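Content type mmCIF, C-alpha atoms, from the file coords36.cif:
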data_start
loop_
_atom_site.label_atom_id
_atom_site.label_comp_id
_atom_site.auth_asym_id
_atom_site.auth_seq_id
_atom_site.Cartn_x
_atom_site.Cartn_y
_atom_site.Cartn_z
CA MET A 59 -12.52 17.24 6.37
CA GLU A 60 -13.63 19.72 3.73
CA ALA A 61 -10.84 19.16 1.16
CA LEU A 62 -11.67 15.46 1.12
CA LYS A 63 -15.42 16.03 0.74
CA GLU A 64 -14.77 18.51 -2.05
CA ARG A 65 -12.63 15.90 -3.81
CA ILE A 66 -15.36 13.27 -3.44
CA ARG A 67 -17.94 15.73 -4.81
CA ARG A 68 -15.74 16.52 -7.80
CA GLU A 69 -14.28 13.10 -8.65
CA GLY A 70 -16.26 10.46 -6.77
CA ARG A 71 -18.69 8.38 -8.79
CA ASN A 72 -21.71 6.52 -7.47
CA LEU A 73 -21.65 3.25 -9.44
CA GLY A 74 -24.84 1.95 -7.82
CA ASN A 75 -25.32 -0.76 -5.18
CA GLY A 76 -23.52 1.46 -2.68
CA ILE A 77 -20.26 1.36 -4.61
CA LEU A 78 -18.32 4.63 -4.51
CA LYS A 79 -15.54 4.95 -7.06
CA VAL A 80 -12.71 7.16 -5.80
CA ASP A 81 -10.01 5.58 -7.95
CA SER A 82 -8.57 8.96 -8.98
CA PHE A 83 -7.23 9.85 -5.54
CA LEU A 84 -7.58 6.90 -3.11
CA ASN A 85 -7.96 3.42 -4.60
CA HIS A 86 -5.86 3.13 -7.76
CA GLN A 87 -4.35 6.52 -8.35
CA VAL A 88 -3.45 8.14 -5.03
CA ASP A 89 -2.98 11.85 -4.31
CA PRO A 90 -0.06 11.92 -1.84
CA ALA A 91 -0.68 15.50 -0.68
CA LEU A 92 -4.32 14.68 0.11
CA MET A 93 -3.18 11.51 1.90
CA LEU A 94 -0.74 13.56 3.97
CA ALA A 95 -3.62 15.86 4.99
CA VAL A 96 -5.82 12.81 5.72
CA GLY A 97 -3.11 11.33 7.93
CA GLY A 98 -2.63 14.62 9.71
CA ALA A 99 -6.36 14.95 10.39
CA LEU A 100 -6.67 11.38 11.72
CA ALA A 101 -3.54 11.78 13.86
CA ALA A 102 -4.92 15.03 15.30
CA ARG A 103 -8.08 13.19 16.33
CA PHE A 104 -6.25 10.30 18.03
CA GLY A 105 -2.97 11.99 18.94
CA ALA A 106 -3.30 12.14 22.73
CA MET A 107 -4.16 8.49 23.32
CA GLY A 108 -0.75 6.88 23.72
CA ILE A 109 -1.01 5.00 20.42
CA ASN A 110 2.22 3.21 19.51
CA LYS A 111 1.08 1.30 16.41
CA VAL A 112 -1.22 1.77 13.42
CA LEU A 113 -2.87 -1.36 12.04
CA THR A 114 -4.47 -1.59 8.60
CA ALA A 115 -5.24 -4.12 5.88
CA GLU A 116 -3.60 -4.32 2.50
CA ILE A 117 -4.20 -2.87 -0.06
CA SER A 118 -6.13 0.37 0.00
CA GLY A 119 -5.63 1.00 3.70
CA ILE A 120 -1.88 1.34 3.28
CA ALA A 121 -1.69 4.93 2.00
CA PRO A 122 -3.87 6.62 4.67
CA ALA A 123 -2.45 4.37 7.41
CA LEU A 124 1.12 5.26 6.41
CA THR A 125 0.48 9.01 6.55
CA THR A 126 -1.41 8.68 9.85
CA ALA A 127 1.48 6.69 11.32
CA LEU A 128 3.92 9.27 9.97
CA ALA A 129 2.02 12.07 11.74
CA LEU A 130 1.83 10.03 14.97
CA GLY A 131 5.51 9.02 14.77
CA VAL A 132 4.75 5.29 15.12
CA PRO A 133 5.12 2.21 12.87
CA VAL A 134 2.27 0.86 10.76
CA VAL A 135 1.52 -2.84 10.29
CA TYR A 136 -0.54 -3.95 7.34
CA ALA A 137 -2.32 -7.26 7.62
CA ARG A 138 -1.46 -9.49 4.65
CA LYS A 139 -4.03 -11.30 2.53
CA THR A 140 -1.54 -13.90 1.30
CA ARG A 141 1.32 -15.33 3.32
CA PRO A 142 4.68 -14.16 1.97
CA VAL A 143 7.66 -16.54 2.31
CA THR A 144 9.12 -14.21 4.92
CA MET A 145 6.17 -14.70 7.30
CA PRO A 146 6.41 -17.32 10.05
CA ARG A 147 4.02 -20.30 10.01
CA GLN A 148 2.39 -19.26 13.28
CA VAL A 149 0.44 -16.07 12.65
CA TYR A 150 -2.73 -14.35 13.80
CA ARG A 151 -5.33 -15.12 11.17
CA GLU A 152 -8.90 -13.88 10.74
CA THR A 153 -11.32 -13.79 7.83
CA ALA A 154 -13.61 -11.03 6.61
CA PRO A 155 -16.34 -11.35 3.99
CA SER A 156 -15.57 -8.97 1.12
CA HIS A 157 -18.49 -6.79 0.07
CA THR A 158 -17.24 -6.17 -3.44
CA LYS A 159 -15.64 -9.55 -4.16
CA GLY A 160 -18.30 -11.86 -2.76
CA ILE A 161 -15.72 -14.08 -1.06
CA ASP A 162 -14.05 -14.39 2.31
CA VAL A 163 -10.72 -12.62 2.53
CA GLU A 164 -8.06 -13.85 4.95
CA LEU A 165 -6.02 -11.34 6.95
CA MET A 166 -2.76 -12.32 8.65
CA VAL A 167 -0.44 -10.55 11.05
CA SER A 168 2.83 -11.90 12.37
CA PRO A 169 3.19 -12.01 16.18
CA GLU A 170 6.59 -10.38 15.58
CA PHE A 171 4.85 -7.06 15.01
CA LEU A 172 1.69 -7.07 17.13
CA GLY A 173 1.49 -7.98 20.81
CA PRO A 174 0.31 -7.13 24.35
CA GLN A 175 2.58 -4.08 24.47
CA ASP A 176 0.72 -2.42 21.59
CA LYS A 177 -1.86 0.37 21.80
CA VAL A 178 -3.40 0.22 18.38
CA LEU A 179 -5.15 2.67 16.09
CA ILE A 180 -6.97 0.83 13.30
CA ILE A 181 -7.07 2.76 10.00
CA ASP A 182 -8.83 1.89 6.75
CA ASP A 183 -9.93 3.63 3.59
CA PHE A 184 -13.63 2.78 3.98
CA LEU A 185 -16.05 2.00 6.77
CA ALA A 186 -19.01 0.28 5.10
CA ARG A 187 -20.44 -2.76 6.89
CA GLY A 188 -17.43 -2.82 9.19
CA LYS A 189 -16.38 -6.37 8.30
CA THR A 190 -12.73 -5.68 7.40
CA ILE A 191 -12.28 -3.45 10.44
CA ASP A 192 -13.92 -6.09 12.61
CA ALA A 193 -11.37 -8.64 11.33
CA LEU A 194 -8.56 -6.18 12.20
CA VAL A 195 -10.10 -5.81 15.66
CA ARG A 196 -10.07 -9.59 16.13
CA LEU A 197 -6.43 -9.73 14.99
CA ALA A 198 -5.49 -7.09 17.55
CA GLN A 199 -7.48 -8.89 20.24
CA ALA A 200 -5.84 -12.22 19.39
CA ALA A 201 -2.48 -10.49 19.86
CA GLN A 202 -3.73 -9.10 23.20
CA ALA A 203 -3.09 -5.58 21.94
CA GLU A 204 -5.22 -2.73 23.25
CA ILE A 205 -7.45 -1.06 20.65
CA LYS A 206 -7.58 2.70 21.21
CA GLY A 207 -9.61 3.82 18.22
CA VAL A 208 -10.72 3.37 14.63
CA GLY A 209 -10.13 5.99 11.95
CA VAL A 210 -11.36 5.84 8.37
CA VAL A 211 -11.17 8.08 5.36
CA ILE A 212 -14.73 7.61 4.05
CA GLU A 213 -17.72 6.21 5.94
CA LYS A 214 -20.82 4.98 4.14
CA ALA A 215 -23.16 5.55 7.09
CA PHE A 216 -26.08 3.81 5.36
CA GLU A 217 -24.26 0.46 5.54
CA GLY A 218 -24.29 0.38 9.33
CA GLY A 219 -20.64 -0.33 10.08
CA ARG A 220 -20.51 2.16 12.96
CA LEU A 221 -23.22 0.25 14.81
CA GLU A 222 -21.35 -2.99 14.11
CA LEU A 223 -18.30 -1.54 15.92
CA ALA A 224 -20.20 0.02 18.85
CA TYR A 225 -19.41 -2.96 21.11
CA LEU A 226 -15.74 -1.90 21.07
CA LYS A 227 -16.49 1.23 23.09
CA VAL A 228 -13.64 3.13 21.41
CA PRO A 229 -13.86 6.32 19.32
CA VAL A 230 -14.63 5.72 15.65
CA HIS A 231 -13.79 8.74 13.52
CA SER A 232 -14.40 9.25 9.80
CA LEU A 233 -13.17 12.20 7.76
CA ALA A 234 -16.11 12.13 5.33
CA VAL A 235 -19.47 10.59 6.17
CA ILE A 236 -21.83 9.74 3.33
CA ALA A 237 -25.45 9.54 4.43
CA ARG A 238 -27.00 8.33 1.19
CA MET A 239 -26.06 7.18 -2.29
CA GLU A 240 -29.29 7.25 -4.30
CA ASP A 241 -30.09 7.98 -7.96
CA GLY A 242 -26.42 8.45 -8.82
CA GLU A 243 -26.07 11.14 -6.12
CA ILE A 244 -23.60 11.23 -3.22
CA THR A 245 -25.10 12.95 -0.15
CA PHE A 246 -22.93 13.80 2.85
CA GLU A 247 -24.27 13.74 6.38
CA MET B 44 21.41 5.75 1.58
CA GLU B 45 23.24 5.07 4.83
CA ALA B 46 20.22 5.06 7.19
CA LEU B 47 18.59 2.38 5.05
CA LYS B 48 21.72 0.22 4.87
CA GLU B 49 22.15 0.54 8.62
CA ARG B 50 18.56 -0.63 9.09
CA ILE B 51 19.10 -3.61 6.78
CA ARG B 52 22.30 -4.50 8.67
CA ARG B 53 20.46 -4.33 11.99
CA GLU B 54 17.08 -5.88 11.15
CA GLY B 55 17.38 -7.59 7.77
CA ARG B 56 17.54 -11.38 7.76
CA ASN B 57 18.99 -13.55 5.04
CA LEU B 58 16.54 -16.48 4.86
CA GLY B 59 18.53 -18.28 2.17
CA ASN B 60 17.77 -18.70 -1.55
CA GLY B 61 18.29 -14.96 -2.00
CA ILE B 62 15.34 -14.09 0.21
CA LEU B 63 15.86 -10.98 2.32
CA LYS B 64 13.41 -10.48 5.16
CA VAL B 65 12.86 -6.80 5.93
CA ASP B 66 9.36 -7.21 7.40
CA SER B 67 10.12 -4.97 10.36
CA PHE B 68 10.37 -1.75 8.32
CA LEU B 69 9.34 -2.35 4.69
CA ASN B 70 7.18 -5.39 3.91
CA HIS B 71 4.73 -6.00 6.77
CA GLN B 72 5.53 -3.44 9.41
CA VAL B 73 6.54 -0.15 7.80
CA ASP B 74 8.60 2.65 9.33
CA PRO B 75 6.92 5.81 7.97
CA ALA B 76 9.84 8.13 8.85
CA LEU B 77 12.27 5.87 7.00
CA MET B 78 9.84 5.72 4.06
CA LEU B 79 9.67 9.52 4.00
CA ALA B 80 13.48 9.64 3.83
CA VAL B 81 13.47 6.94 1.11
CA GLY B 82 10.94 8.94 -0.92
CA GLY B 83 12.98 12.10 -0.47
CA ALA B 84 16.17 10.38 -1.63
CA LEU B 85 14.50 8.86 -4.71
CA ALA B 86 12.81 12.16 -5.57
CA ALA B 87 16.13 13.99 -5.27
CA ARG B 88 17.67 11.57 -7.78
CA PHE B 89 14.86 11.93 -10.34
CA GLY B 90 13.56 15.40 -9.49
CA ALA B 91 14.71 17.36 -12.53
CA MET B 92 13.27 15.06 -15.19
CA GLY B 93 9.76 16.44 -15.67
CA ILE B 94 8.13 13.40 -14.07
CA ASN B 95 4.37 13.83 -13.63
CA LYS B 96 3.43 10.35 -12.37
CA VAL B 97 4.85 7.60 -10.20
CA LEU B 98 3.91 4.02 -11.11
CA THR B 99 4.25 1.05 -8.78
CA ALA B 100 2.73 -2.36 -8.12
CA GLU B 101 0.64 -3.34 -5.13
CA ILE B 102 1.42 -4.26 -2.41
CA SER B 103 4.89 -3.53 -1.09
CA GLY B 104 5.68 -0.85 -3.65
CA ILE B 105 2.94 1.41 -2.32
CA ALA B 106 4.71 2.89 0.72
CA PRO B 107 7.97 3.99 -0.98
CA ALA B 108 6.09 5.05 -4.14
CA LEU B 109 3.71 7.21 -2.09
CA THR B 110 6.50 9.05 -0.30
CA THR B 111 8.46 9.51 -3.57
CA ALA B 112 5.34 10.92 -5.23
CA LEU B 113 4.77 13.16 -2.21
CA ALA B 114 8.29 14.57 -2.52
CA LEU B 115 7.87 15.05 -6.30
CA GLY B 116 4.41 16.59 -5.91
CA VAL B 117 2.79 14.19 -8.38
CA PRO B 118 0.16 11.41 -8.16
CA VAL B 119 1.06 7.74 -7.79
CA VAL B 120 -0.73 4.90 -9.58
CA TYR B 121 -0.45 1.40 -8.20
CA ALA B 122 -1.05 -1.44 -10.63
CA ARG B 123 -3.69 -3.82 -9.27
CA LYS B 124 -3.28 -7.59 -9.06
CA THR B 125 -7.02 -8.24 -8.95
CA ARG B 126 -9.66 -6.21 -10.77
CA PRO B 127 -11.81 -4.23 -8.32
CA VAL B 128 -15.45 -3.60 -9.27
CA THR B 129 -14.60 0.07 -9.82
CA MET B 130 -12.14 -0.73 -12.62
CA PRO B 131 -13.34 -0.59 -16.23
CA ARG B 132 -13.35 -3.79 -18.33
CA GLN B 133 -10.76 -2.40 -20.76
CA VAL B 134 -7.47 -2.10 -18.91
CA TYR B 135 -3.76 -2.42 -19.59
CA ARG B 136 -2.79 -5.87 -18.42
CA GLU B 137 0.62 -7.56 -18.15
CA THR B 138 1.90 -10.57 -16.27
CA ALA B 139 5.06 -11.05 -14.25
CA PRO B 140 6.41 -14.32 -12.89
CA SER B 141 6.68 -14.06 -9.11
CA HIS B 142 10.02 -15.16 -7.70
CA THR B 143 8.70 -15.96 -4.24
CA LYS B 144 5.27 -17.32 -5.17
CA GLY B 145 6.21 -19.50 -8.14
CA ILE B 146 3.21 -18.28 -10.15
CA ASP B 147 2.45 -15.59 -12.71
CA VAL B 148 1.03 -12.42 -11.21
CA GLU B 149 -1.23 -10.19 -13.27
CA LEU B 150 -0.85 -6.41 -13.09
CA MET B 151 -3.58 -4.07 -14.31
CA VAL B 152 -3.76 -0.31 -14.80
CA SER B 153 -6.81 1.61 -15.92
CA PRO B 154 -6.34 3.83 -18.99
CA GLU B 155 -8.08 6.52 -16.92
CA PHE B 156 -4.85 7.07 -15.00
CA LEU B 157 -1.98 6.31 -17.39
CA GLY B 158 -1.62 7.67 -20.93
CA PRO B 159 0.54 9.36 -23.57
CA GLN B 160 0.71 12.57 -21.54
CA ASP B 161 2.52 10.82 -18.67
CA LYS B 162 6.24 10.97 -17.89
CA VAL B 163 6.61 8.08 -15.51
CA LEU B 164 8.96 7.17 -12.69
CA ILE B 165 8.64 3.47 -11.79
CA ILE B 166 9.18 2.73 -8.10
CA ASP B 167 9.31 -0.63 -6.31
CA ASP B 168 10.55 -2.01 -3.03
CA PHE B 169 12.96 -4.55 -4.59
CA LEU B 170 14.92 -4.96 -7.79
CA ALA B 171 15.75 -8.67 -7.99
CA ARG B 172 15.38 -10.32 -11.40
CA GLY B 173 13.52 -7.24 -12.67
CA LYS B 174 10.37 -9.14 -13.66
CA THR B 175 7.82 -6.99 -11.79
CA ILE B 176 9.47 -3.79 -12.94
CA ASP B 177 9.56 -5.12 -16.50
CA ALA B 178 5.80 -5.73 -16.30
CA LEU B 179 5.33 -2.14 -15.07
CA VAL B 180 7.47 -0.96 -18.01
CA ARG B 181 5.24 -2.85 -20.44
CA LEU B 182 2.12 -1.36 -18.81
CA ALA B 183 3.55 2.14 -19.26
CA GLN B 184 4.55 1.36 -22.83
CA ALA B 185 1.08 -0.02 -23.61
CA ALA B 186 -0.34 3.28 -22.34
CA GLN B 187 2.17 5.14 -24.56
CA ALA B 188 3.57 6.87 -21.49
CA GLU B 189 7.21 7.91 -21.44
CA ILE B 190 9.39 6.10 -18.90
CA LYS B 191 11.90 8.50 -17.33
CA GLY B 192 13.51 6.27 -14.73
CA VAL B 193 13.33 3.38 -12.31
CA GLY B 194 13.90 3.77 -8.58
CA VAL B 195 14.00 1.00 -6.00
CA VAL B 196 14.61 0.75 -2.30
CA ILE B 197 16.76 -2.40 -2.25
CA GLU B 198 18.59 -3.99 -5.18
CA LYS B 199 19.82 -7.58 -5.04
CA ALA B 200 22.58 -7.07 -7.61
CA PHE B 201 23.38 -10.78 -7.76
CA GLU B 202 19.99 -11.52 -9.36
CA GLY B 203 20.77 -9.53 -12.49
CA GLY B 204 17.69 -7.28 -12.71
CA ARG B 205 19.72 -4.21 -13.67
CA LEU B 206 21.01 -5.94 -16.80
CA GLU B 207 17.46 -7.05 -17.59
CA LEU B 208 16.37 -3.38 -17.62
CA ALA B 209 19.41 -2.03 -19.55
CA TYR B 210 17.48 -2.02 -22.84
CA LEU B 211 15.29 0.80 -21.46
CA LYS B 212 18.22 3.24 -21.54
CA VAL B 213 16.83 5.16 -18.55
CA PRO B 214 18.51 5.71 -15.17
CA VAL B 215 17.96 2.89 -12.67
CA HIS B 216 18.70 3.98 -9.11
CA SER B 217 18.72 1.88 -5.93
CA LEU B 218 19.14 3.21 -2.42
CA ALA B 219 20.83 0.06 -1.10
CA VAL B 220 22.64 -2.42 -3.35
CA ILE B 221 23.33 -5.90 -2.00
CA ALA B 222 26.22 -7.61 -3.76
CA ARG B 223 25.97 -11.03 -2.13
CA MET B 224 23.82 -13.04 0.27
CA GLU B 225 25.89 -16.04 1.25
CA ASP B 226 26.17 -18.10 4.46
CA GLY B 227 23.50 -16.05 6.20
CA GLU B 228 25.43 -12.83 5.51
CA ILE B 229 24.21 -9.71 3.75
CA THR B 230 27.04 -7.95 1.88
CA PHE B 231 26.55 -4.50 0.37
CA GLU B 232 28.27 -3.45 -2.81
#

What would you get if you wrote out this structure as C-alpha cells?
Amino acid sequence: MEALKERIRREGRNLGNGILKVDSFLNHQVDPALMLAVGGALAARFGAMGINKVLTAEISGIAPALTTALALGVPVVYARKTRPVTMPRQVYRETAPSHTKGIDVELMVSPEFLGPQDKVLIIDDFLARGKTIDALVRLAQAAQAEIKGVGVVIEKAFEGGRLELAYLKVPVHSLAVIARMEDGEITFE
Amino acid sequence: MEALKERIRREGRNLGNGILKVDSFLNHQVDPALMLAVGGALAARFGAMGINKVLTAEISGIAPALTTALALGVPVVYARKTRPVTMPRQVYRETAPSHTKGIDVELMVSPEFLGPQDKVLIIDDFLARGKTIDALVRLAQAAQAEIKGVGVVIEKAFEGGRLELAYLKVPVHSLAVIARMEDGEITFE
C-alpha cells in the first residue's frame, strides 16, 4: 500500500533494536483517513472469504481493525488486557510475551462474542515475532472459531513472525513489509 | 441519537451500582457502522468550531473518537495509560480515579502531538462522574491547547459528570443520556 509506505518513509523513525516509531499516524496520534484506506485495503484482500468477525487486541490494533470491520460490514472484537467489571468470570484467556514491555501480557475474550459460528479475520497493527497474533489465534481456537486470515498494517519481516504463523495455513497479508532496519534506516521489501 | 438509544434498550444491561454493560457494540465487541454514525453525529454537533484535533483516552474511547475525527477530517490522539518505548521521557501526565477499577489511572500524552496550536474536541465513550474527561482536560490545558467541546456516546446523568465539567464553559454533548438506572431498568432522559 503505497500511501502507507510513503507515510512510514516520511514520519517513521527507527529507534534501534527493531523498534519502529509510527506514533504520528498509528500508535498515539492516529490519522483516520489513512486508517480508512488501510481498512479498505485489508478488506479488499480478505473480502470474499465469508468472514463474519474481526478479532484484534487492544490497544493499537483497534483503529485498523475497526476500519477493516467497517469495510467488511462485520463486528470487531478486541481482546482485553484487563478484565472489566462487565466481563463474565469465565472467559477465553491466553498470554503473549510483549516484545517492548519485557513481560507477559494477558488477552481475554468473552465467550459471548466469539464462538464456533465465527469465521474470523485477525487484524493487528504490527507483525513482528508473531506472539500477539499467535495469542489471538489461540483465543479463536479455544472458542472453536474458524480462522480465515491474518491482516496487519506493518510487518517487520526480519523478526520472523510470518514463519511463526505458517502452521495456520491461512493467508497472512501485510500492507507494508519492512525487510531491514539497520543504521537508522528503514528498508522496505 | 435514536439508533444508539434503541441499541442500548435492546442490548444494554444494567448490572447494578450504575454499571451499564454495552459490551456487544461499544466496549468489547464494537459495531463499526454504529460507530460511524456516532462519529458523524458528534462531528455534526461540533463541526463549525475550528477543531483541528480530537483527544480521547485508551481504550474504549478510541472507536468513537476515531470515527468523529474521520468525519471532522482531523487527527485523533489517544492518551496512553502505560508509556510505550516510543514515547519520550517528558510527557504531559495526569491521573484520574477509575470508577470501575477502584484505582488511579495515569494518562499520558506526548508534547509531539498536543500543543498551543491545537483546538481540541474531547471524546469518550462514557460521561459518568467526569473524572477521565477532567484528566483529558488537564492534559490539554497542560499542553496549552484550547478546548472547544466535549462529546460522549453515553451520559449517565445521575452521576453528575456534566456539573463537574461546567467550569469549562464549553459545550458538552451526549448522544444518549440516561436519567436513571434503578431496579434493573435503564431510563433515558

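Here the question is which of A:Tyr225, A:Asp182, A:Val132, A:Ile109 gets nearest to A:Asn85 using all atoms listed in the file, and that residue is A:Asp182.
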
Using only C-alpha atoms, the shortest atom-to-atom distance to A:Ser168 among B:Lys124, B:His71, B:Arg50, B:Lys64 belongs to B:His71

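Among the candidate residues A:Gln87, A:Asn110, A:Asn72, A:Thr190, the one lying nearest to A:Glu152 is A:Thr190, with distances computed using all atoms listed in the file.
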
*Specify as a ChimeraX atom specification each residue included when the PyMOL selection byres ((chain B) within 9 of (chain A)) is applied to this file.*
/B:58,62-68,70-76,79,101-102,105-106,109-110,112-114,116-123,127-130,143-144,152-153,155-156

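If you count all atoms listed in the file and ignore residues fewer than 2 places along the chain from B:Pro214, what sits within 8 Å of it is Lys191, Gly192, Val193, Lys212 and His216 of chain B.
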
Keeping only C-alpha atoms, write the selected residues to a file as a short mmCIF file (atom, residue, chain, number, x, y, z; two decimals), in the frame of the given file.
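Saved to out06.cif:
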data_model
loop_
_atom_site.label_atom_id
_atom_site.label_comp_id
_atom_site.auth_asym_id
_atom_site.auth_seq_id
_atom_site.Cartn_x
_atom_site.Cartn_y
_atom_site.Cartn_z
CA LYS B 191 11.90 8.50 -17.33
CA GLY B 192 13.51 6.27 -14.73
CA VAL B 193 13.33 3.38 -12.31
CA LYS B 212 18.22 3.24 -21.54
CA HIS B 216 18.70 3.98 -9.11
#

Scan for residues within 7 Å of the point (-2.0, -11.0, -12.4) in the coordinates of the file, using all atoms listed in the file, and reply as a ChimeraX atom specification. /B:124-125,138,147-150

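For the file shown, the residue list from the PyMOL selection byres ((chain B and resi 226) around 10) reads Asn57, Leu58, Gly59, Arg223, Met224, Glu225, Gly227, Glu228 and Ile229 of chain B.
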
Around (-13.4, 7.6, 3.2), as given in the file, which residues come within 7 Å? Count only C-alpha atoms and list them as a list in words. Asp183, Phe184, Val210, Val211, Ile212, Glu213, Ser232, Leu233 and Ala234 of chain A

Assuming the chain letters and numbering stay as they are in my file, what does the PyMOL selection byres ((chain A and resi 189) around 10) actually select? List them as a short mmCIF file (atom, residue, chain, number, x, y, z; two decimals) with C-alpha atoms, keeping the file's coordinate frame.
data_model
loop_
_atom_site.label_atom_id
_atom_site.label_comp_id
_atom_site.auth_asym_id
_atom_site.auth_seq_id
_atom_site.Cartn_x
_atom_site.Cartn_y
_atom_site.Cartn_z
CA THR A 153 -11.32 -13.79 7.83
CA ALA A 154 -13.61 -11.03 6.61
CA PRO A 155 -16.34 -11.35 3.99
CA SER A 156 -15.57 -8.97 1.12
CA HIS A 157 -18.49 -6.79 0.07
CA LEU A 185 -16.05 2.00 6.77
CA ALA A 186 -19.01 0.28 5.10
CA ARG A 187 -20.44 -2.76 6.89
CA GLY A 188 -17.43 -2.82 9.19
CA THR A 190 -12.73 -5.68 7.40
CA ILE A 191 -12.28 -3.45 10.44
CA ASP A 192 -13.92 -6.09 12.61
CA ALA A 193 -11.37 -8.64 11.33
CA LEU A 194 -8.56 -6.18 12.20
CA VAL A 195 -10.10 -5.81 15.66
CA GLY A 219 -20.64 -0.33 10.08
CA GLU A 222 -21.35 -2.99 14.11
CA LEU A 223 -18.30 -1.54 15.92
#

As a check of understanding: the span from atom CA of B:Ala200 to atom CA of B:Gly104 is 18.4 Å

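What separates atom CA of A:Leu197 from atom CA of A:Leu179 is a distance of 12.5 Å.
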
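When atom CA of B:Ala186 is paired with atom CA of B:Gly158, their separation reads 4.8 Å.
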
Box for stretch 152-157 of chain B - axis-aligned, 8 Å on each of the six sides, all listed atoms - centre and size in Å to one decimal, as JSON.
{"center_x": -5.0, "center_y": 3.4, "center_z": -16.9, "size_x": 22.1, "size_y": 23.4, "size_z": 20.2}
